[in-house]
file protein06.pdb (PDB, C-alpha atoms)
ATOM      1  CA  MET K   1       0.000   0.000   0.000  1.00  0.00           C
ATOM      2  CA  TYR K   2       1.157   3.505  -0.858  1.00  0.00           C
ATOM      3  CA  TYR K   3       0.023   6.859   0.449  1.00  0.00           C
ATOM      4  CA  LEU K   4      -0.095  10.022  -1.634  1.00  0.00           C
ATOM      5  CA  GLY K   5      -0.059  13.161   0.487  1.00  0.00           C
ATOM      6  CA  ILE K   6      -0.711  16.595  -0.958  1.00  0.00           C
ATOM      7  CA  ASP K   7       0.041  19.928   0.685  1.00  0.00           C
ATOM      8  CA  ILE K   8      -2.456  22.415  -0.752  1.00  0.00           C
ATOM      9  CA  GLY K   9      -1.471  25.987  -1.526  1.00  0.00           C
ATOM     10  CA  LYS K  10      -3.140  28.937  -3.232  1.00  0.00           C
ATOM     11  CA  LYS K  11      -1.074  28.748  -6.422  1.00  0.00           C
ATOM     12  CA  GLU K  12       0.928  25.542  -6.069  1.00  0.00           C
ATOM     13  CA  HIS K  13       0.545  22.200  -4.364  1.00  0.00           C
ATOM     14  CA  GLU K  14       3.216  19.701  -3.282  1.00  0.00           C
ATOM     15  CA  ALA K  15       2.695  15.932  -3.534  1.00  0.00           C
ATOM     16  CA  GLY K  16       4.731  13.104  -2.057  1.00  0.00           C
ATOM     17  CA  VAL K  17       4.450   9.329  -1.815  1.00  0.00           C
ATOM     18  CA  ILE K  18       5.322   7.028   1.077  1.00  0.00           C
ATOM     19  CA  ASP K  19       5.044   3.262   1.482  1.00  0.00           C
ATOM     20  CA  GLN K  20       3.361   1.444   4.390  1.00  0.00           C
ATOM     21  CA  GLN K  21       6.527   1.639   6.465  1.00  0.00           C
ATOM     22  CA  GLY K  22       6.611   5.433   6.054  1.00  0.00           C
ATOM     23  CA  ASN K  23       9.573   5.487   3.662  1.00  0.00           C
ATOM     24  CA  ALA K  24       9.561   8.272   1.097  1.00  0.00           C
ATOM     25  CA  ILE K  25       9.294   7.063  -2.494  1.00  0.00           C
ATOM     26  CA  GLY K  26      11.197   9.308  -4.894  1.00  0.00           C
ATOM     27  CA  LYS K  27      11.118  13.082  -4.842  1.00  0.00           C
ATOM     28  CA  THR K  28       8.112  15.263  -4.188  1.00  0.00           C
ATOM     29  CA  LEU K  29       6.249  17.021  -6.979  1.00  0.00           C
ATOM     30  CA  ARG K  30       5.298  20.688  -7.052  1.00  0.00           C
ATOM     31  CA  PHE K  31       2.380  21.394  -9.385  1.00  0.00           C
ATOM     32  CA  SER K  32       0.117  24.322 -10.124  1.00  0.00           C
ATOM     33  CA  ASN K  33      -3.592  24.569  -9.421  1.00  0.00           C
ATOM     34  CA  SER K  34      -4.463  24.329 -13.135  1.00  0.00           C
ATOM     35  CA  ILE K  35      -5.188  21.845 -15.917  1.00  0.00           C
ATOM     36  CA  PRO K  36      -1.467  21.549 -16.810  1.00  0.00           C
ATOM     37  CA  GLY K  37      -0.829  20.996 -13.087  1.00  0.00           C
ATOM     38  CA  SER K  38      -3.385  18.178 -13.048  1.00  0.00           C
ATOM     39  CA  ASP K  39      -1.627  16.617 -16.035  1.00  0.00           C
ATOM     40  CA  LYS K  40       1.644  16.842 -14.106  1.00  0.00           C
ATOM     41  CA  LEU K  41       0.032  15.144 -11.090  1.00  0.00           C
ATOM     42  CA  LEU K  42      -1.320  12.352 -13.298  1.00  0.00           C
ATOM     43  CA  ALA K  43       2.148  11.788 -14.789  1.00  0.00           C
ATOM     44  CA  PHE K  44       3.535  11.598 -11.212  1.00  0.00           C
ATOM     45  CA  VAL K  45       0.853   9.066 -10.216  1.00  0.00           C
ATOM     46  CA  ASN K  46       1.587   6.972 -13.314  1.00  0.00           C
ATOM     47  CA  LYS K  47       5.362   7.192 -12.792  1.00  0.00           C
ATOM     48  CA  HIS K  48       4.967   5.663  -9.332  1.00  0.00           C
ATOM     49  CA  GLN K  49       2.417   3.116 -10.623  1.00  0.00           C
ATOM     50  CA  LEU K  50      -0.202   4.309  -8.138  1.00  0.00           C
ATOM     51  CA  THR K  51      -3.692   2.921  -8.650  1.00  0.00           C
ATOM     52  CA  PRO K  52      -6.940   3.126  -6.698  1.00  0.00           C
ATOM     53  CA  ASP K  53      -6.208  -0.440  -5.510  1.00  0.00           C
ATOM     54  CA  ASN K  54      -2.738   0.237  -4.090  1.00  0.00           C
ATOM     55  CA  CYS K  55      -2.895   3.869  -2.941  1.00  0.00           C
ATOM     56  CA  ALA K  56      -4.832   6.062  -0.525  1.00  0.00           C
ATOM     57  CA  CYS K  57      -4.687   9.841  -0.880  1.00  0.00           C
ATOM     58  CA  GLY K  58      -4.821  12.551   1.744  1.00  0.00           C
ATOM     59  CA  LEU K  59      -4.798  16.296   1.383  1.00  0.00           C
ATOM     60  CA  GLU K  60      -5.493  19.301   3.534  1.00  0.00           C
ATOM     61  CA  ALA K  61      -8.761  21.154   3.029  1.00  0.00           C
ATOM     62  CA  THR K  62      -7.344  24.671   2.675  1.00  0.00           C
ATOM     63  CA  GLY K  63      -9.904  27.286   1.676  1.00  0.00           C
ATOM     64  CA  HIS K  64     -11.447  26.208  -1.620  1.00  0.00           C
ATOM     65  CA  TYR K  65      -8.090  25.393  -3.250  1.00  0.00           C
ATOM     66  CA  TRP K  66      -8.318  21.689  -2.420  1.00  0.00           C
ATOM     67  CA  LEU K  67     -11.632  21.076  -4.185  1.00  0.00           C
ATOM     68  CA  SER K  68     -10.272  20.686  -7.716  1.00  0.00           C
ATOM     69  CA  VAL K  69      -7.519  18.260  -6.647  1.00  0.00           C
ATOM     70  CA  PHE K  70      -9.941  16.259  -4.491  1.00  0.00           C
ATOM     71  CA  THR K  71     -12.457  16.027  -7.336  1.00  0.00           C
ATOM     72  CA  TYR K  72      -9.793  15.108  -9.903  1.00  0.00           C
ATOM     73  CA  LEU K  73      -8.392  12.235  -7.830  1.00  0.00           C
ATOM     74  CA  HIS K  74     -11.873  11.069  -6.854  1.00  0.00           C
ATOM     75  CA  GLN K  75     -12.901  10.942 -10.539  1.00  0.00           C
ATOM     76  CA  LEU K  76      -9.837   8.792 -11.203  1.00  0.00           C
ATOM     77  CA  GLY K  77     -11.207   6.339  -8.621  1.00  0.00           C
ATOM     78  CA  PHE K  78      -8.829   7.042  -5.720  1.00  0.00           C
ATOM     79  CA  LYS K  79      -9.908   7.051  -2.081  1.00  0.00           C
ATOM     80  CA  VAL K  80      -9.299  10.636  -1.005  1.00  0.00           C
ATOM     81  CA  THR K  81      -9.435  12.010   2.519  1.00  0.00           C
ATOM     82  CA  ALA K  82      -9.373  15.738   3.177  1.00  0.00           C
TER      83      ALA K  82
END
call {"tool": "encode", "arguments": {"input": "protein06.pdb", "output": "structure tokens"}}
result
Amino acid sequence: MYYLGIDIGKKEHEAGVIDQQGNAIGKTLRFSNSIPGSDKLLAFVNKHQLTPDNCACGLEATGHYWLSVFTYLHQLGFKVTA
């Protein structure tokens, strides 16, 4: 099992992946709150072979900035907790 954590910001977000032992997997990803940013996040998810079956996602509910990321991941079938 993997865990995708996302720090939500007004203009940019930061995503990182850990395994079940809490070990960081690769480098974090900084991406914008935009369609190209969503594409970048999807490439990051695919690079780490994250699927709805092997990954849970968590992000902070900051203002309204988290809604687009939450919705995007939810539409991809991921379990997302805010």
call {"tool": "resolve_selection", "arguments": {"input": "protein06.pdb", "expression": "the PyMOL selection byres ((chain K and resi 37-48) around 9)", "output": "PyMOL selection string"}}
result
chain K and resi 4+12-13+15+17+25-26+29-36+49-51+69+72-73
call {"tool": "atom_distance", "arguments": {"input": "protein06.pdb", "atom1": "CA of Gln75 (chain K)", "atom2": "CA of Tyr2 (chain K)"}}
result
18.6 Å
call {"tool": "residues_near_point", "arguments": {"input": "protein06.pdb", "point": "(-7.3, -0.3, -10.8)", "cutoff": "10 Å", "atoms": "only C-alpha atoms", "output": "ChimeraX atom specification"}}
result
/K:50-55,76-78
call {"tool": "resolve_selection", "arguments": {"input": "protein06.pdb", "expression": "the PyMOL selection byres ((chain K and resi 9) around 10)", "output": "list in words"}}
result
Ile6, Asp7, Ile8, Lys10, Lys11, Glu12, His13, Glu14, Phe31, Ser32, Asn33, Glu60, Ala61, Thr62, Gly63, His64, Tyr65 and Trp66 of chain K
call {"tool": "residues_around", "arguments": {"input": "protein06.pdb", "residues": "His74 (chain K)", "least_positions_apart": "6", "cutoff": "10 Å", "atoms": "all atoms listed in the file", "output": "PyMOL selection string"}}
result
chain K and resi 52+57+68+80-81
call {"tool": "closest_residue", "arguments": {"input": "protein06.pdb", "among": "K:Met1, K:Gly16, K:Lys27, K:Leu59", "to": "Thr71 (chain K)", "atoms": "all atoms listed in the file"}}
result
K:Leu59
